[in-house]
Amino acid sequence: MSAPAPSPRAATVEFDHVTKSYGARTAGAGASTGAPGAVNDLTLSVPAGKICVLVGPSGCGKTTSLKMVNRLIEPTSGRILLDGVDVATRDVTDLRRGIGYVIQQTGLFPHQTVLDNVATVPRLLGWPQARCRARAEELLATVGLEPATYAGRYPAQLSGGERQRVGVARALAADPPVMLMDEPFGAVDPIVRERLQNEFLRLQEQLARTILFVTHDIDEAIKMGDVVAVFQAGGVVAQFGPPAEILANPASEFVARFVGTDRALKRLSLFRVGELPLSPVVTARVGDNGTMIRRLAAVDPWEYVLITDEDHRPLGWIAREHLPASAIAAEDVEGTIPLLNRRTTLKDALSMLLDADVQAGLVVDHAGTMRGMVRLPDVAAWMRRRGVHGLDPDQAEFTDEPAGAWGGGGAVRGGASGSAGMSGSAGMSGSAGSGTGSAP
Amino acid sequence: MIDWGWIADHLDDIAYLTLQHLVLTAIPLAAGFVISLALAIWAVRRPVVYGPITAVTGVLYTIPSLAAFALLVPVFGFSLLAAFIPLTTYTLLILFRNIVAGFEAVPREVLEAADGMGYRGRDRLLRVEIPLAVPLMIAGLRLAAVTLIGLATVASILGSSFGGLGQLITEGLQTLFPTKYVLGAVLSVLLAFAVDFAFVRLERRATPWARARAAEAVPA
């Protein structure tokens with residue numbers, strides 16, 4: 001696991017037969033289950049620069065495991081290594097100042113301003129005042145809090161989401177190679193949590209820190225984790241691996257139950273629209289002649305035509321047969337169109353498609369330019385080809401009918417990537433005349 | 001009944017006695033605070049000592065003040081020290097309890113975060129625990145100060161050179177001159193109000209963050 005060259009700022013974290021038992025039990029006296037928070041012979045290794053999520057029901061030892069890394073809790077036996085160095089051999093204060101720590105209730109200092117809170121560790125490290133300040137302001141901006149507005153506020157003057165942001169900024173202040181996050185987004189409402197998760201993932205793309213992240217929420221674990229350790233009662237890791245593997249092949253009955261019966265749907269959240277081959281679309285602009293468009297669309301197996309306004313902004317679908325004989329009007333549009341982008345998860349995409357009148361979504365890029373179309377059967381077919389034996393017959397059933405009715409499945413299969421899929425049958429969409437369809 | 005002319009003629013003396021009274025209050029208050037803070041830190045670190053400390057300071061608190069002064073006279077004579085010692089011990093129960101409550105009011109997660117970020121014990125005490133305990137500490141100081149201002153009037157029995165406003169009351173009673181004892185009583189009440197108000201102001205200045213909470217910000 002130490003082979004891939006870690007980014008200079010991240011460190012590997014290894015648990016080596018770590019046990020923490022509570023109560024009078026002596027170490028090594030058989031299986032020490034029982035006491036909540038206990039950890040039993042934990043061995044796992046987190047590669048540098050990755051997010052490892054510790055997930056499990058409460059009292060299963062995940063928080064204990066986290067706190068043993070910065071020695072807020074000392075293990076009963078075993079070692080924890082940061083970049084190969086046993087944390088027990090390090091000065092505890094130095095160790096902690098070099099590890100970012102974020103907790104659910106944030107633990108912000110109520111008597112200090114946001115700026116002072118963020119500058120905590122740099123101050124403890126004795127950085128000059130000006131540098132502390134500059135660093136704190138930089139980090140506030142990084143986590144999306146305008147320094148001019150927020151620096152002088154007290155924690156009590158912040159919303160829950162803002163407090164969590166400050167907590168993350170504070171943990172990052174001294175540029176630690178390792179961060180410990182204990183349910184960092186647990187205390188905010190689902191909408192804010194979702195946003196914080198997304199922003200944090202984007203931040204992590206640049207920072208590439210090694211992060212241990214505790215949650216009891218399997219969806220959060222799947223979303224945030226590069227690797228996930230599923231804990232079960234007694235402080236035992238039931239399964240350790242990438243989220244896709246855990247969802248596709250749960251190692252035990254417990255894991256299967258913990259990830260839930262909807263695990264195939266959860267797997268969808270691991271993939272993004274950008275990974276799908278996109279289908280081309282026949283487009284027409286308002287004002288185009290319906291009869292001509294119908295002729296162009298006749299060879300397209302997809303029975304709908306995309307209607308855009310004069311500026312090529314998508315308005316909706318019209319079934320091929322319903323195209324008017326004369327000029328197409330905006331009122332003729334029959335179904336609205338979900339707009340997706342390459343980063344939309346397949347789970348969200350699927351949900352939007354299921355909800356739409358015509359079960360097809362348009363994929364647009366940053367500039368709003370259309371890249372192609374995704375339909376319900378495309379998602380199903382792609383998931384089926386992703387293979388992993390996790391799909392049960394009951395998932396297969398919704399793929400059957402549309403794939404049969406929809407011969408284009410073969411064409412989609414032909415395209416290796418999104419852009420190839422587009423160009424593979426570009427003849428159709430390009431000929432639609434309005435030119436919106438393909439602008440690679 | 002009130003001889004306003006006498007008051008006008010003795011403004012200097014009155015001011016002097018008021019100031020003296022303030023000192024008679026301030027020094028035991030400061031001494032009591034330092035002792036209580038030390039005891040409270042000890043009790044927070046070692047909860048076993050909380051009970052015994054409360055018991056001892058509780059006993060000290062119940063000794064009648066007049067008796068306390070009298071008891072110390074054989075040891076210290078009619079001295080300022082004989083006044084300061086009981087006045088100080090009277091504050092201990094109030095201050096100790098309030099300071100401990102102040103420390104206990106510091107949220108656990110704040111302490112955990114402080115530890116997790118690498119605060120050493122003493123830094124954590126000075127930079128986190130004490131600042132956050134300030135509101136309850138000041139609540140204790142207000143209570144102790146008002147109590148002391150009343151008790152200090154009794155100290156005048158120990159000597160006329162440092163009796164403060166109690167001196168006015170004692171002399172007024174002895175000479176059956178109402179102006180003096182009424183004035184002494186009124187001034188000690190006013191002094192208590194003033195000191196209490198001063199502490200309220202001090203608390204506001206020392207804890208701008210607590211006020212920020214009252215003026216909750218717009219949710220974002």
# chains A, B, ... in the order shown; residues from 1 in each chain; ligands from 1
$ closest_atom_pairs --of "chain B" --to "chain A" --cutoff "12 Å" --atoms "only C-alpha atoms" --output "tab-separated table"
residue	atom	partner	partner_atom	distance
B:Val106	CA	A:Pro110	CA	9.6
B:Pro107	CA	A:Gly107	CA	8.0
B:Arg108	CA	A:Gly107	CA	8.1
B:Glu109	CA	A:Gly107	CA	4.8
B:Val110	CA	A:Gly107	CA	4.1
B:Leu111	CA	A:Gly107	CA	7.5
B:Glu112	CA	A:Gly107	CA	7.2
B:Ala113	CA	A:Gly107	CA	5.3
B:Ala114	CA	A:Gly107	CA	7.9
B:Asp115	CA	A:Leu72	CA	7.5
B:Gly116	CA	A:Arg96	CA	5.9
B:Met117	CA	A:Arg97	CA	5.3
B:Gly118	CA	A:Thr93	CA	4.7
B:Tyr119	CA	A:Thr93	CA	7.0
B:Arg120	CA	A:Thr93	CA	6.9
B:Gly121	CA	A:Thr93	CA	10.2
B:Asp123	CA	A:Leu124	CA	9.1
B:Arg124	CA	A:Leu124	CA	10.7
B:Arg127	CA	A:His111	CA	9.6
B:Val128	CA	A:Phe109	CA	7.4
B:Glu129	CA	A:Phe109	CA	10.0
B:Ile130	CA	A:His111	CA	10.5
B:Pro131	CA	A:His111	CA	7.1
B:Leu132	CA	A:His111	CA	6.6
B:Ala133	CA	A:His111	CA	10.2
B:Val134	CA	A:His111	CA	10.2
B:Pro135	CA	A:His111	CA	11.1
B:Ala206	CA	A:His111	CA	9.7
B:Thr207	CA	A:His111	CA	7.2
B:Pro208	CA	A:His111	CA	7.8
B:Trp209	CA	A:His111	CA	5.3
B:Ala210	CA	A:His111	CA	7.6
B:Arg211	CA	A:Ala156	CA	9.3
B:Ala212	CA	A:Gln157	CA	6.4
B:Arg213	CA	A:Ala156	CA	5.0
B:Ala214	CA	A:Ala156	CA	8.6
B:Ala215	CA	A:Gln157	CA	7.7
B:Glu216	CA	A:Gln157	CA	5.4
B:Ala217	CA	A:Gln157	CA	4.6
B:Val218	CA	A:Ser159	CA	7.7
B:Pro219	CA	A:Ser159	CA	5.2
B:Ala220	CA	A:Ser159	CA	6.0
$ write_last_selection --atoms "N, CA and C atoms" --output "CSV table (one decimal), in the first residue's frame"
chain,number,residue,atom,x,y,z
B,106,VAL,N,-18.3,25.2,30.5
B,106,VAL,CA,-17.5,25.2,29.2
B,106,VAL,C,-17.9,23.9,28.5
B,107,PRO,N,-18.4,24.0,27.2
B,107,PRO,CA,-18.9,22.9,26.5
B,107,PRO,C,-17.8,21.8,26.4
B,108,ARG,N,-18.2,20.6,26.5
B,108,ARG,CA,-17.2,19.5,26.4
B,108,ARG,C,-16.6,19.4,25.1
B,109,GLU,N,-17.4,19.7,24.0
B,109,GLU,CA,-16.8,19.6,22.7
B,109,GLU,C,-15.7,20.7,22.4
B,110,VAL,N,-15.9,21.8,23.2
B,110,VAL,CA,-14.9,22.9,23.0
B,110,VAL,C,-13.6,22.4,23.6
B,111,LEU,N,-13.7,21.7,24.8
B,111,LEU,CA,-12.4,21.2,25.4
B,111,LEU,C,-11.8,20.1,24.6
B,112,GLU,N,-12.7,19.3,24.0
B,112,GLU,CA,-12.2,18.2,23.2
B,112,GLU,C,-11.5,18.8,21.9
B,113,ALA,N,-12.1,19.8,21.3
B,113,ALA,CA,-11.4,20.4,20.2
B,113,ALA,C,-10.1,21.0,20.6
B,114,ALA,N,-10.1,21.7,21.7
B,114,ALA,CA,-8.8,22.3,22.2
B,114,ALA,C,-7.8,21.3,22.4
B,115,ASP,N,-8.1,20.2,23.0
B,115,ASP,CA,-7.1,19.1,23.2
B,115,ASP,C,-6.7,18.5,21.8
B,116,GLY,N,-7.7,18.3,21.0
B,116,GLY,CA,-7.4,17.7,19.7
B,116,GLY,C,-6.5,18.6,18.8
B,117,MET,N,-6.5,19.9,19.0
B,117,MET,CA,-5.7,20.8,18.2
B,117,MET,C,-4.3,21.0,18.9
B,118,GLY,N,-4.1,20.4,20.1
B,118,GLY,CA,-2.8,20.5,20.7
B,118,GLY,C,-2.6,21.6,21.6
B,119,TYR,N,-3.6,22.0,22.4
B,119,TYR,CA,-3.5,22.9,23.5
B,119,TYR,C,-2.8,22.2,24.6
B,120,ARG,N,-1.8,22.7,25.3
B,120,ARG,CA,-1.3,22.1,26.5
B,120,ARG,C,-2.2,22.6,27.6
B,121,GLY,N,-2.2,21.8,28.7
B,121,GLY,CA,-3.1,22.0,29.9
B,121,GLY,C,-3.1,23.5,30.3
B,123,ASP,N,-2.2,26.3,28.7
B,123,ASP,CA,-2.7,27.2,27.7
B,123,ASP,C,-4.2,27.0,27.6
B,124,ARG,N,-4.7,25.8,27.7
B,124,ARG,CA,-6.1,25.6,27.6
B,124,ARG,C,-6.8,26.3,28.7
B,127,ARG,N,-6.4,30.2,28.0
B,127,ARG,CA,-7.0,30.8,26.7
B,127,ARG,C,-8.4,30.3,26.5
B,128,VAL,N,-8.8,29.2,27.1
B,128,VAL,CA,-10.1,28.6,26.7
B,128,VAL,C,-11.0,28.6,28.0
B,129,GLU,N,-10.5,27.9,29.0
B,129,GLU,CA,-11.5,27.6,30.1
B,129,GLU,C,-11.8,28.9,30.9
B,130,ILE,N,-10.8,29.6,31.3
B,130,ILE,CA,-11.0,30.8,32.1
B,130,ILE,C,-11.9,31.9,31.3
B,131,PRO,N,-11.5,32.2,30.1
B,131,PRO,CA,-12.3,33.2,29.4
B,131,PRO,C,-13.8,32.7,29.3
B,132,LEU,N,-14.0,31.4,29.1
B,132,LEU,CA,-15.4,31.0,28.9
B,132,LEU,C,-16.1,30.9,30.3
B,133,ALA,N,-15.4,30.9,31.4
B,133,ALA,CA,-16.0,30.8,32.7
B,133,ALA,C,-16.3,32.2,33.2
B,134,VAL,N,-15.8,33.2,32.5
B,134,VAL,CA,-15.9,34.6,33.0
B,134,VAL,C,-17.4,35.0,33.4
B,135,PRO,N,-18.4,34.7,32.6
B,135,PRO,CA,-19.7,35.2,33.0
B,135,PRO,C,-20.2,34.7,34.3
B,206,ALA,N,-16.0,42.3,28.9
B,206,ALA,CA,-15.1,41.1,28.9
B,206,ALA,C,-15.7,40.0,28.0
B,207,THR,N,-17.0,40.0,27.7
B,207,THR,CA,-17.6,39.0,27.0
B,207,THR,C,-18.4,39.5,25.8
B,208,PRO,N,-17.7,40.1,24.8
B,208,PRO,CA,-18.5,40.6,23.7
B,208,PRO,C,-19.1,39.5,22.9
B,209,TRP,N,-18.6,38.3,23.0
B,209,TRP,CA,-19.1,37.1,22.3
B,209,TRP,C,-20.5,36.7,22.9
B,210,ALA,N,-20.7,36.9,24.2
B,210,ALA,CA,-22.0,36.5,24.8
B,210,ALA,C,-23.1,37.5,24.3
B,211,ARG,N,-22.7,38.7,24.1
B,211,ARG,CA,-23.7,39.7,23.5
B,211,ARG,C,-24.0,39.3,22.1
B,212,ALA,N,-23.0,38.8,21.4
B,212,ALA,CA,-23.2,38.5,20.0
B,212,ALA,C,-24.3,37.4,19.9
B,213,ARG,N,-24.3,36.5,20.9
B,213,ARG,CA,-25.3,35.5,20.9
B,213,ARG,C,-26.7,36.0,20.9
B,214,ALA,N,-26.9,37.1,21.8
B,214,ALA,CA,-28.2,37.7,21.9
B,214,ALA,C,-28.7,38.2,20.6
B,215,ALA,N,-27.8,38.9,19.9
B,215,ALA,CA,-28.2,39.5,18.6
B,215,ALA,C,-27.9,38.5,17.5
B,216,GLU,N,-28.5,37.3,17.6
B,216,GLU,CA,-28.4,36.2,16.6
B,216,GLU,C,-28.4,36.7,15.2
B,217,ALA,N,-27.4,36.2,14.4
B,217,ALA,CA,-27.3,36.6,13.0
B,217,ALA,C,-28.3,36.0,12.1
B,218,VAL,N,-28.3,36.6,10.9
B,218,VAL,CA,-29.2,36.1,9.9
B,218,VAL,C,-28.8,34.7,9.5
B,219,PRO,N,-29.7,33.7,9.4
B,219,PRO,CA,-29.4,32.4,9.0
B,219,PRO,C,-29.0,32.4,7.5
B,220,ALA,N,-28.0,31.7,7.2
B,220,ALA,CA,-27.6,31.7,5.7
B,220,ALA,C,-27.7,30.3,5.2
$ residues_around --residues "Leu140 in chain A" --least-positions-apart "3" --cutoff "12 Å" --atoms "only C-alpha atoms" --output "PyMOL selection string"
chain A and resi 114-119+133-137+143-152+162-173
$ residues_around --residues "range 73-85 of chain B" --least-positions-apart "6" --cutoff "6 Å" --atoms "only C-alpha atoms" --output "count of residues only"
3
$ residues_around --residues "Gln20 in chain B" --least-positions-apart "2" --cutoff "9 Å" --atoms "only C-alpha atoms" --output "VMD selection string"
chain B and resid 15 to 18 22 to 25 162 to 165
$ residues_around --residues "Ile80 in chain A" --least-positions-apart "6" --cutoff "8 Å" --atoms "only C-alpha atoms" --output "ChimeraX atom specification"
/A:13-16,18,68-69,86-88
$ residues_around --residues "Phe177 in chain B" --least-positions-apart "4" --cutoff "10 Å" --atoms "only C-alpha atoms" --output "MDAnalysis selection string"
chainID B and resid 1:3 168:169 171:173 181:182
$ write_last_selection --atoms "N, CA and C atoms" --output "PDB file, in the first residue's frame"
ATOM      1  N   MET B   1     -34.619  66.017  60.532  1.00  0.00           N
ATOM      2  CA  MET B   1     -33.867  64.896  61.089  1.00  0.00           C
ATOM      3  C   MET B   1     -32.464  64.835  60.482  1.00  0.00           C
ATOM      4  N   ILE B   2     -32.378  65.107  59.195  1.00  0.00           N
ATOM      5  CA  ILE B   2     -31.057  65.103  58.563  1.00  0.00           C
ATOM      6  C   ILE B   2     -30.465  66.508  58.622  1.00  0.00           C
ATOM      7  N   ASP B   3     -29.239  66.537  59.092  1.00  0.00           N
ATOM      8  CA  ASP B   3     -28.543  67.820  59.218  1.00  0.00           C
ATOM      9  C   ASP B   3     -27.721  68.047  57.958  1.00  0.00           C
ATOM     10  N   LEU B 168     -19.195  55.661  60.207  1.00  0.00           N
ATOM     11  CA  LEU B 168     -20.262  56.673  60.276  1.00  0.00           C
ATOM     12  C   LEU B 168     -21.449  56.136  61.059  1.00  0.00           C
ATOM     13  N   ILE B 169     -21.793  54.880  60.760  1.00  0.00           N
ATOM     14  CA  ILE B 169     -22.962  54.286  61.411  1.00  0.00           C
ATOM     15  C   ILE B 169     -22.709  54.137  62.912  1.00  0.00           C
ATOM     16  N   GLU B 171     -20.544  55.678  64.865  1.00  0.00           N
ATOM     17  CA  GLU B 171     -20.478  56.980  65.549  1.00  0.00           C
ATOM     18  C   GLU B 171     -21.854  57.607  65.682  1.00  0.00           C
ATOM     19  N   GLY B 172     -22.636  57.489  64.620  1.00  0.00           N
ATOM     20  CA  GLY B 172     -23.976  58.070  64.646  1.00  0.00           C
ATOM     21  C   GLY B 172     -24.835  57.443  65.728  1.00  0.00           C
ATOM     22  N   LEU B 173     -24.704  56.107  65.864  1.00  0.00           N
ATOM     23  CA  LEU B 173     -25.493  55.418  66.884  1.00  0.00           C
ATOM     24  C   LEU B 173     -25.023  55.814  68.282  1.00  0.00           C
ATOM     25  N   TYR B 181     -25.679  58.035  60.883  1.00  0.00           N
ATOM     26  CA  TYR B 181     -25.950  56.621  60.563  1.00  0.00           C
ATOM     27  C   TYR B 181     -26.863  56.438  59.364  1.00  0.00           C
ATOM     28  N   VAL B 182     -27.772  57.386  59.177  1.00  0.00           N
ATOM     29  CA  VAL B 182     -28.583  57.301  57.952  1.00  0.00           C
ATOM     30  C   VAL B 182     -27.690  57.465  56.734  1.00  0.00           C
TER      31      VAL B 182
END
